[in-house]
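Have a look at structure-v4.csv; it's CSV, C-alpha atoms and all ligand atoms:
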chain,number,residue,atom,x,y,z
Z,12,MET,CA,13.1,5.1,-1.0
Z,13,LYS,CA,15.4,8.0,-1.7
Z,14,PRO,CA,13.7,11.3,-2.5
Z,15,VAL,CA,13.3,12.4,-6.2
Z,16,ASP,CA,14.6,15.9,-7.1
Z,17,LEU,CA,14.2,16.9,-10.7
Z,18,GLU,CA,14.9,20.7,-10.2
Z,19,GLY,CA,16.5,22.0,-13.4
Z,20,SER,CA,15.6,18.9,-15.6
Z,21,ARG,CA,13.3,19.1,-18.6
Z,22,VAL,CA,11.2,16.0,-18.9
Z,23,LEU,CA,9.0,15.2,-21.9
Z,24,VAL,CA,6.0,13.0,-21.3
Z,25,THR,CA,4.3,11.6,-24.4
Z,26,GLY,CA,0.6,10.7,-24.0
Z,27,ALA,CA,0.5,13.4,-21.4
Z,28,ARG,CA,-3.3,13.6,-21.4
Z,29,GLY,CA,-3.7,9.8,-21.0
Z,30,PHE,CA,-4.4,8.0,-17.8
Z,31,ILE,CA,-0.8,7.3,-16.8
Z,32,GLY,CA,0.6,10.4,-18.5
Z,33,GLU,CA,-1.4,12.8,-16.4
Z,34,ALA,CA,-0.3,11.1,-13.2
Z,35,VAL,CA,3.3,11.1,-14.3
Z,36,CYS,CA,3.2,14.8,-15.2
Z,37,GLN,CA,1.7,15.6,-11.8
Z,38,TYR,CA,4.4,13.5,-10.0
Z,39,LEU,CA,7.2,15.1,-12.0
Z,40,GLY,CA,5.8,18.7,-11.5
Z,41,MET,CA,5.7,18.2,-7.7
Z,42,ARG,CA,9.4,17.2,-7.8
Z,43,GLY,CA,10.5,20.4,-9.5
Z,44,ALA,CA,10.8,19.1,-13.1
Z,45,ASP,CA,10.1,21.4,-16.1
Z,46,VAL,CA,7.4,19.1,-17.6
Z,47,HIS,CA,6.5,19.1,-21.3
Z,48,GLY,CA,3.8,16.9,-22.7
Z,49,ILE,CA,2.5,15.9,-26.0
Z,50,GLY,CA,-0.5,14.0,-27.5
Z,51,ARG,CA,-2.5,14.5,-30.7
Z,52,SER,CA,-5.5,16.2,-29.1
Z,53,ALA,CA,-5.6,20.0,-28.5
Z,54,GLY,CA,-6.8,21.8,-25.4
Z,55,GLY,CA,-8.3,20.1,-22.3
Z,56,THR,CA,-7.9,19.7,-18.6
Z,57,GLY,CA,-4.4,18.4,-18.5
Z,58,ASP,CA,-2.8,21.8,-19.3
Z,59,GLN,CA,-1.9,22.8,-15.8
Z,60,LEU,CA,0.2,19.7,-15.4
Z,61,CYS,CA,2.7,20.4,-18.2
Z,62,THR,CA,3.5,22.7,-21.1
Z,63,TYR,CA,1.4,20.8,-23.6
Z,64,GLU,CA,1.7,20.7,-27.4
Z,65,SER,CA,-0.3,18.7,-30.0
Z,66,ILE,CA,2.1,16.5,-31.9
Z,67,ASP,CA,1.4,13.2,-33.8
Z,68,LEU,CA,4.3,10.9,-33.0
Z,69,ALA,CA,3.4,8.9,-36.1
Z,70,ASN,CA,4.8,11.9,-38.1
Z,71,ALA,CA,8.6,11.5,-37.9
Z,72,GLU,CA,9.4,15.0,-39.2
Z,73,ALA,CA,7.1,16.7,-36.7
Z,74,THR,CA,8.6,14.6,-33.9
Z,75,VAL,CA,12.2,15.6,-34.8
Z,76,GLY,CA,11.1,19.2,-35.1
Z,77,TYR,CA,9.5,19.1,-31.7
Z,78,PHE,CA,12.6,17.5,-30.0
Z,79,ASN,CA,14.9,20.2,-31.6
Z,80,LYS,CA,12.7,22.9,-30.2
Z,81,ILE,CA,12.2,21.5,-26.6
Z,82,GLN,CA,15.6,19.7,-26.1
Z,83,PRO,CA,14.4,17.5,-23.2
Z,84,ASN,CA,16.9,15.9,-20.8
Z,85,PHE,CA,14.6,13.0,-20.2
Z,86,VAL,CA,11.7,11.3,-22.0
Z,87,ILE,CA,8.9,9.0,-20.6
Z,88,HIS,CA,7.0,7.6,-23.7
Z,89,LEU,CA,3.5,6.8,-22.7
Z,90,ALA,CA,1.7,7.6,-26.0
Z,91,GLY,CA,0.1,4.6,-27.5
Z,92,CYS,CA,-3.0,2.4,-27.7
Z,93,SER,CA,-3.6,-0.3,-25.0
Z,94,VAL,CA,-6.4,-2.2,-26.7
Z,95,ALA,CA,-5.6,-5.9,-26.8
Z,96,ARG,CA,-8.3,-7.0,-29.2
Z,97,ARG,CA,-7.5,-9.7,-31.7
Z,98,GLU,CA,-9.5,-8.5,-34.8
Z,99,LEU,CA,-7.2,-8.0,-37.9
Z,100,GLU,CA,-7.8,-4.2,-38.0
Z,101,TRP,CA,-5.9,-3.9,-34.7
Z,102,VAL,CA,-2.7,-5.1,-36.3
Z,103,GLN,CA,-2.4,-1.9,-38.2
Z,104,LYS,CA,-3.7,0.3,-35.4
Z,105,THR,CA,-1.4,-1.0,-32.7
Z,106,PHE,CA,1.6,-1.0,-35.2
Z,107,VAL,CA,1.2,2.7,-35.7
Z,108,ALA,CA,0.2,3.7,-32.2
Z,109,ASN,CA,2.8,1.7,-30.4
Z,110,LEU,CA,5.6,0.7,-32.7
Z,111,LEU,CA,5.8,3.5,-35.3
Z,112,THR,CA,5.5,6.2,-32.5
Z,113,THR,CA,8.2,4.5,-30.5
Z,114,VAL,CA,10.6,4.2,-33.5
Z,115,ASN,CA,10.0,7.9,-34.3
Z,116,LEU,CA,10.5,8.9,-30.7
Z,117,LEU,CA,13.7,6.9,-30.2
Z,118,SER,CA,15.1,8.3,-33.5
Z,119,ALA,CA,14.3,11.9,-32.5
Z,120,ALA,CA,15.6,11.4,-29.0
Z,121,GLN,CA,18.9,10.0,-30.3
Z,122,LEU,CA,19.3,13.0,-32.7
Z,123,ALA,CA,18.6,15.4,-29.8
Z,124,ALA,CA,21.1,13.6,-27.5
Z,125,VAL,CA,18.5,12.9,-24.8
Z,126,GLU,CA,20.1,11.6,-21.6
Z,127,LYS,CA,17.7,8.8,-20.8
Z,128,ALA,CA,14.4,7.5,-22.1
Z,129,ILE,CA,11.7,5.1,-20.8
Z,130,ILE,CA,9.2,3.4,-23.1
Z,131,ALA,CA,6.0,1.8,-22.0
Z,132,GLY,CA,5.9,-2.0,-22.3
Z,133,SER,CA,3.1,-4.2,-21.1
Z,134,LEU,CA,2.3,-7.3,-19.1
Z,135,ALA,CA,0.8,-8.5,-22.4
Z,136,GLN,CA,4.2,-8.9,-24.0
Z,137,PRO,CA,5.9,-12.3,-23.6
Z,138,ASP,CA,8.0,-13.1,-20.6
Z,139,GLU,CA,11.8,-12.7,-21.0
Z,140,GLU,CA,12.4,-16.3,-19.8
Z,141,THR,CA,10.0,-17.9,-22.3
Z,142,LEU,CA,12.0,-20.0,-24.7
Z,143,VAL,CA,9.6,-19.5,-27.6
Z,144,SER,CA,8.1,-16.1,-27.2
Z,145,ILE,CA,4.8,-15.8,-29.0
Z,146,PRO,CA,2.8,-12.6,-28.6
Z,147,THR,CA,-0.9,-13.4,-28.2
Z,148,SER,CA,-2.4,-10.2,-29.6
Z,149,PRO,CA,-1.5,-7.4,-32.1
Z,150,TYR,CA,-1.0,-5.2,-29.0
Z,151,ALA,CA,1.4,-7.6,-27.4
Z,152,ALA,CA,3.4,-7.9,-30.7
Z,153,SER,CA,3.7,-4.1,-31.0
Z,154,LYS,CA,4.9,-3.8,-27.4
Z,155,TRP,CA,7.4,-6.7,-27.8
Z,156,ALA,CA,8.7,-5.2,-31.0
Z,157,ALA,CA,9.1,-1.7,-29.4
Z,158,THR,CA,11.2,-3.3,-26.7
Z,159,GLY,CA,13.4,-4.8,-29.4
Z,160,TYR,CA,13.9,-1.4,-30.9
Z,161,ALA,CA,14.8,0.1,-27.6
Z,162,ARG,CA,17.4,-2.6,-27.1
Z,163,MET,CA,18.8,-2.0,-30.6
Z,164,PHE,CA,19.0,1.8,-29.9
Z,165,HIS,CA,21.1,1.0,-26.8
Z,166,ALA,CA,23.3,-1.6,-28.5
Z,167,VAL,CA,23.9,0.2,-31.7
Z,168,TYR,CA,23.7,3.9,-30.8
Z,169,ASP,CA,24.5,3.7,-27.0
Z,170,MET,CA,21.2,5.3,-26.1
Z,171,HIS,CA,20.3,5.1,-22.4
Z,172,VAL,CA,16.8,3.5,-22.5
Z,173,ASP,CA,14.8,0.9,-20.6
Z,174,THR,CA,11.3,-0.5,-21.1
Z,175,ALA,CA,8.9,-0.4,-18.2
Z,176,ARG,CA,6.8,-3.5,-18.3
Z,177,ILE,CA,3.7,-2.1,-16.8
Z,178,PHE,CA,1.1,-4.4,-15.2
Z,179,MET,CA,-2.7,-3.7,-14.9
Z,180,VAL,CA,-3.0,-0.1,-13.8
Z,181,TYR,CA,-6.1,1.2,-12.0
Z,182,GLY,CA,-7.1,4.3,-10.0
Z,183,PRO,CA,-8.6,7.7,-10.3
Z,184,GLY,CA,-8.5,9.3,-13.7
Z,185,GLN,CA,-8.9,6.2,-15.9
Z,186,LYS,CA,-11.0,7.4,-18.8
Z,187,GLU,CA,-11.5,4.2,-20.6
Z,188,LEU,CA,-14.8,3.5,-18.8
Z,189,GLN,CA,-15.3,0.1,-20.4
Z,190,LYS,CA,-12.2,-1.3,-18.6
Z,191,MET,CA,-13.2,-3.6,-15.7
Z,192,ILE,CA,-12.5,-1.5,-12.7
Z,193,PRO,CA,-14.2,1.7,-14.0
Z,194,TYR,CA,-17.1,-0.3,-15.3
Z,195,VAL,CA,-17.7,-2.1,-12.0
Z,196,CYS,CA,-17.3,1.1,-10.0
Z,197,LEU,CA,-19.8,3.0,-12.2
Z,198,SER,CA,-22.3,0.0,-12.2
Z,199,ALA,CA,-22.1,-0.2,-8.4
Z,200,ILE,CA,-22.6,3.6,-8.1
Z,201,ALA,CA,-25.6,3.4,-10.3
Z,202,GLY,CA,-27.0,0.4,-8.3
Z,203,ASP,CA,-26.7,-2.0,-11.3
Z,204,ASN,CA,-25.2,-5.5,-11.0
Z,205,PRO,CA,-22.0,-5.5,-13.1
Z,206,GLU,CA,-21.7,-8.3,-15.7
Z,207,LEU,CA,-18.4,-10.1,-15.8
Z,208,MET,CA,-16.6,-12.9,-17.6
Z,209,SER,CA,-15.8,-16.0,-15.5
Z,210,GLY,CA,-14.0,-13.8,-13.0
Z,211,ALA,CA,-11.3,-16.4,-12.8
Z,212,ARG,CA,-8.5,-14.4,-14.6
Z,213,GLN,CA,-5.6,-13.7,-12.2
Z,214,VAL,CA,-4.2,-10.2,-12.6
Z,215,ASP,CA,-1.4,-8.1,-11.1
Z,216,TRP,CA,-3.2,-4.8,-10.2
Z,217,VAL,CA,-1.1,-1.8,-9.6
Z,218,TYR,CA,-2.3,1.6,-8.4
Z,219,ILE,CA,-1.8,4.7,-10.6
Z,220,ASP,CA,0.3,6.8,-8.1
Z,221,ASP,CA,2.6,3.8,-7.5
Z,222,VAL,CA,3.1,3.5,-11.3
Z,223,ALA,CA,3.9,7.2,-11.7
Z,224,GLU,CA,6.6,6.8,-9.0
Z,225,GLY,CA,7.9,3.6,-10.4
Z,226,LEU,CA,8.3,5.1,-13.9
Z,227,VAL,CA,10.3,8.1,-12.6
Z,228,ARG,CA,12.4,5.8,-10.5
Z,229,LEU,CA,13.2,3.7,-13.5
Z,230,LEU,CA,14.0,6.9,-15.5
Z,231,LEU,CA,16.5,8.0,-12.9
Z,232,ASP,CA,17.9,4.8,-11.5
Z,233,GLY,CA,17.3,2.1,-14.2
Z,234,PRO,CA,20.3,0.5,-15.9
Z,235,GLY,CA,19.6,2.3,-19.2
Z,236,ASP,CA,20.8,-0.8,-21.2
Z,237,GLY,CA,17.5,-1.7,-22.8
Z,238,SER,CA,16.4,-3.7,-19.8
Z,239,LEU,CA,12.8,-4.8,-19.4
Z,240,VAL,CA,11.7,-3.8,-15.9
Z,241,ASP,CA,8.5,-4.9,-14.2
Z,242,ILE,CA,6.2,-2.2,-12.8
Z,243,GLY,CA,3.7,-4.2,-10.8
Z,244,THR,CA,3.0,-5.6,-7.3
Z,245,GLY,CA,4.0,-9.2,-7.7
Z,246,ARG,CA,0.6,-10.3,-6.4
Z,247,LEU,CA,-2.3,-11.9,-8.3
Z,248,VAL,CA,-5.9,-11.3,-7.5
Z,249,SER,CA,-8.8,-12.6,-9.6
Z,250,THR,CA,-11.1,-10.2,-11.6
Z,251,GLY,CA,-14.0,-11.8,-9.7
Z,252,MET,CA,-12.5,-11.0,-6.3
Z,253,VAL,CA,-11.8,-7.4,-7.3
Z,254,ALA,CA,-15.3,-6.9,-8.6
Z,255,ASN,CA,-16.7,-8.3,-5.3
Z,256,MET,CA,-14.5,-6.0,-3.3
Z,257,ILE,CA,-15.8,-3.0,-5.2
Z,258,CYS,CA,-19.4,-4.1,-4.8
Z,259,GLN,CA,-18.9,-4.5,-1.1
Z,260,GLN,CA,-17.1,-1.2,-0.7
Z,261,SER,CA,-19.9,0.6,-2.6
Z,262,ASP,CA,-22.5,-0.3,0.0
Z,263,SER,CA,-25.1,-0.3,-2.7
Z,264,GLY,CA,-26.2,-3.9,-2.4
Z,265,VAL,CA,-25.1,-4.9,-5.9
Z,266,THR,CA,-23.4,-8.2,-6.7
Z,267,ALA,CA,-21.3,-9.1,-9.7
Z,268,THR,CA,-23.0,-11.4,-12.2
Z,269,ILE,CA,-20.3,-13.9,-13.0
Z,270,GLY,CA,-20.2,-15.7,-16.4
Z,271,ALA,CA,-22.4,-13.2,-18.1
Z,272,ILE,CA,-19.8,-12.7,-20.9
Z,273,PRO,CA,-17.5,-15.3,-22.4
Z,274,ASP,CA,-13.8,-15.3,-21.4
Z,275,ARG,CA,-11.3,-13.9,-23.9
Z,276,ALA,CA,-9.1,-16.5,-25.6
Z,277,MET,CA,-5.4,-16.8,-24.9
Z,278,GLU,CA,-5.4,-14.5,-21.9
Z,279,GLN,CA,-2.0,-14.7,-20.2
Z,280,ILE,CA,-1.5,-15.0,-16.4
Z,281,ARG,CA,1.5,-12.9,-15.5
Z,282,LYS,CA,2.8,-11.2,-12.4
Z,283,ALA,CA,5.6,-8.8,-11.9
Z,284,ASP,CA,9.0,-9.9,-10.5
Z,285,SER,CA,8.7,-7.1,-7.9
Z,286,GLU,CA,11.7,-8.3,-5.9
Z,287,LYS,CA,14.0,-7.9,-9.0
Z,288,THR,CA,12.6,-4.5,-9.6
Z,289,GLU,CA,13.2,-3.4,-6.0
Z,290,GLN,CA,16.8,-4.6,-6.2
Z,291,LEU,CA,17.3,-2.8,-9.5
Z,292,ILE,CA,15.7,0.6,-8.8
Z,293,GLY,CA,14.7,0.6,-5.1
Z,294,TRP,CA,11.0,0.9,-5.8
Z,295,GLN,CA,8.0,-1.0,-4.6
Z,296,PRO,CA,4.3,-0.1,-4.7
Z,297,ARG,CA,2.9,1.3,-1.5
Z,298,ILE,CA,-0.9,1.3,-1.9
Z,299,THR,CA,-2.8,-1.9,-1.0
Z,300,LEU,CA,-5.5,-3.1,-3.4
Z,301,GLU,CA,-8.2,-2.5,-0.8
Z,302,ASN,CA,-7.1,1.1,-0.2
Z,303,GLY,CA,-6.6,1.7,-4.0
Z,304,LEU,CA,-10.1,0.5,-4.8
Z,305,GLU,CA,-11.6,2.7,-2.1
Z,306,ARG,CA,-9.8,5.7,-3.5
Z,307,THR,CA,-10.9,4.8,-7.0
Z,308,LEU,CA,-14.5,4.3,-6.1
Z,309,ALA,CA,-14.5,7.6,-4.3
Z,310,TRP,CA,-13.1,9.3,-7.4
Z,311,TYR,CA,-15.7,7.8,-9.7
Z,312,ARG,CA,-18.5,8.8,-7.3
Z,313,GLN,CA,-17.2,12.4,-7.4
Z,314,ASN,CA,-16.4,12.7,-11.1
Z,315,HIS,CA,-18.8,10.4,-12.9
Z,316,ALA,CA,-21.8,10.3,-10.6
Z,317,GLU,CA,-24.1,11.0,-13.6
O,1,LIG,N1,-3.3,1.4,-18.4
O,1,LIG,C1,-2.7,0.2,-18.2
O,1,LIG,O1,-3.2,-0.6,-17.4
O,1,LIG,C2,-1.4,-0.1,-19.0
O,1,LIG,C3,-0.8,-1.3,-18.7
O,1,LIG,C4,0.3,-1.7,-19.4
O,1,LIG,C5,0.9,-0.8,-20.3
O,1,LIG,N2,0.3,0.4,-20.6
O,1,LIG,C6,0.9,1.3,-21.6
O,1,LIG,O2,1.1,2.5,-21.0
O,1,LIG,C7,0.9,3.6,-22.0
O,1,LIG,C8,-0.1,4.6,-21.4
O,1,LIG,O3,-1.3,3.9,-21.1
O,1,LIG,P1,-2.6,4.7,-20.7
O,1,LIG,O4,-3.4,3.8,-20.0
O,1,LIG,O5,-2.2,6.0,-20.0
O,1,LIG,O6,-3.2,5.0,-22.1
O,1,LIG,P2,-4.2,6.2,-22.6
O,1,LIG,O7,-5.0,6.7,-21.4
O,1,LIG,O8,-4.9,5.7,-23.8
O,1,LIG,O9,-3.2,7.3,-23.0
O,1,LIG,C9,-2.4,7.2,-24.2
O,1,LIG,C10,-2.3,8.6,-24.8
O,1,LIG,O10,-1.4,8.5,-26.0
O,1,LIG,C11,-1.8,9.5,-26.9
O,1,LIG,N3,-1.4,9.1,-28.2
O,1,LIG,C12,-1.9,8.0,-28.9
O,1,LIG,N4,-1.3,7.9,-30.1
O,1,LIG,C13,-0.6,9.1,-30.2
O,1,LIG,C14,0.2,9.6,-31.3
O,1,LIG,N5,0.3,9.0,-32.5
O,1,LIG,N6,0.9,10.7,-31.1
O,1,LIG,C15,0.8,11.4,-29.9
O,1,LIG,N7,0.1,10.9,-28.8
O,1,LIG,C16,-0.6,9.8,-29.0
O,1,LIG,C17,-3.3,9.7,-26.7
O,1,LIG,O11,-3.7,11.0,-26.7
O,1,LIG,P3,-4.3,11.6,-28.1
O,1,LIG,O12,-5.5,10.8,-28.4
O,1,LIG,O13,-4.6,13.0,-27.7
O,1,LIG,O14,-3.3,11.5,-29.1
O,1,LIG,C18,-3.6,9.1,-25.3
O,1,LIG,O15,-3.9,10.2,-24.4
O,1,LIG,C19,0.5,2.9,-23.2
O,1,LIG,O16,1.6,2.7,-24.1
O,1,LIG,C20,-0.1,1.6,-22.7
O,1,LIG,O17,0.0,0.6,-23.7
O,1,LIG,C21,-0.9,0.8,-19.9

As structure tokens, please, write out the structure in this file.
Amino acid sequence: MKPVDLEGSRVLVTGARGFIGEAVCQYLGMRGADVHGIGRSAGGTGDQLCTYESIDLANAEATVGYFNKIQPNFVIHLAGCSVARRELEWVQKTFVANLLTTVNLLSAAQLAAVEKAIIAGSLAQPDEETLVSIPTSPYAASKWAATGYARMFHAVYDMHVDTARIFMVYGPGQKELQKMIPYVCLSAIAGDNPELMSGARQVDWVYIDDVAEGLVRLLLDGPGDGSLVDIGTGRLVSTGMVANMICQQSDSGVTATIGAIPDRAMEQIRKADSEKTEQLIGWQPRITLENGLERTLAWYRQNHAE
């Protein structure tokens, strides 16, 4: 892979205090970028990774004002909500967090003549090739619609933008502790048997540092024509298998209790087209699942031992 040099470039990362946002800010900073970050919350631990400001992207006026002030060359839009629950209340929440923020961001980026933007899509959104694309959750619908807007901004306003279709990210720094890998790590560390669904769901797991690199590669080398580009490994491993690997690595004698919780309806099995991504942007993940889980378990041991 060719080296990334961002010396002299100002890059805005939205959702800079989030799981992926922090890793991307760190990656960019190490490659010489002038990194600016936003989220709604104020203060906190992420400040050394970027010049941080509290901005609500649901507020169109505040977003335009911020872009006018910062004048970024590039944008990586990671602000959003990744909850894929089906209850009706999540329609409104994901609409605001994922679609409204993206529309406001793309509009402000166009006004500020940003050179290139990346928005965060998801494995949850329907496959491109599917003849009849039906999103199976409010989250999936919001991500799918955001991709549509990105395409429209390219087609109508000639904006350089792509959507990163990010698969299941795991690794150090994931703060949503109810997600499967943090939950299993913390249960194992505490010596409790983690309770799982059937464990049969096949997932494309991708390590956080690989995702940060892939997003920056897409920013610099992606086509910029509204493409949907997979950021994943192209390999499927079941949730049960991953839970067993963590339990074994923890050496705590725990075993996953399979079938303790009912499976979620309409869960999609999707894996990244990693060959296509490699051809397009010259990126492929480097960290094996085994190694990534070891690093993740070590991080939770050190940071969440209580
Ligand atoms: N993690 C995954 O496995 C995964 C997989 C596929 C796609 N994605 C997508 O990748 C993106 C980042 O995911 P993540 O895991 O890093 O999520 P995360 O940890 O929840 O971070 C998202 C950040 O967005 C900020 N945010 C939310 N609404 C905002 C608003 N209106 N204005 C400004 N900031 C706002 C939040 O900070 P404040 O609360 O401070 O505002 C939060 O720190 C999301 O779009 C997600 O859907 C993630």

Could you report the residues within 9 Å of ligand LIG 1 (chain O), using all atoms listed in the file, as JSON, numbers by chain? {"Z": [25, 26, 27, 28, 29, 30, 31, 32, 33, 34, 49, 50, 51, 52, 53, 65, 66, 67, 68, 69, 70, 88, 89, 90, 91, 92, 93, 94, 107, 108, 109, 111, 112, 130, 131, 132, 133, 134, 135, 150, 154, 175, 176, 177, 178, 179, 180, 181, 184, 185, 186, 187, 216, 217, 219, 242]}

- Which residue, Z:Asp241, Z:Met170, Z:Met252, Z:Ala157, has the smallest gap to Val195 (chain Z) when you use all atoms listed in the file?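 For Val195 (chain Z), the nearest of the given residues is Z:Met252.
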
For region 294-307 of chain Z: contacts at 7 Å, all atoms listed in the file, fewer than 2 positions along chain excluded, given as a VMD selection string:
chain Z and resid 12 182 to 183 218 221 225 228 244 257 260 285 288 to 289 292 309 to 311

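Among Z:Gly159, Z:Pro137, Z:Gly264, Z:Gly270, the residue with the shortest atom-to-atom distance to Asp236 (chain Z), counting all atoms listed in the file, is Z:Gly159.
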
Self-check item: Shortest interatomic distance to Ser20 (chain Z) - which of Z:Asp45, Z:Asp203, Z:Glu278, Z:Asp220, counting all atoms listed in the file
Solution: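 The answer is Z:Asp45, which sits nearest to Ser20 (chain Z).
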
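The space separating CA of Asp16 (chain Z) from CA of Val227 (chain Z) comes to 10.5 Å.
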
*What is the distance between CA of Ala119 (chain Z) and CA of Ala156 (chain Z), in Å to one decimal?*
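Separation between CA of Ala119 (chain Z) and CA of Ala156 (chain Z): 18.1 Å.
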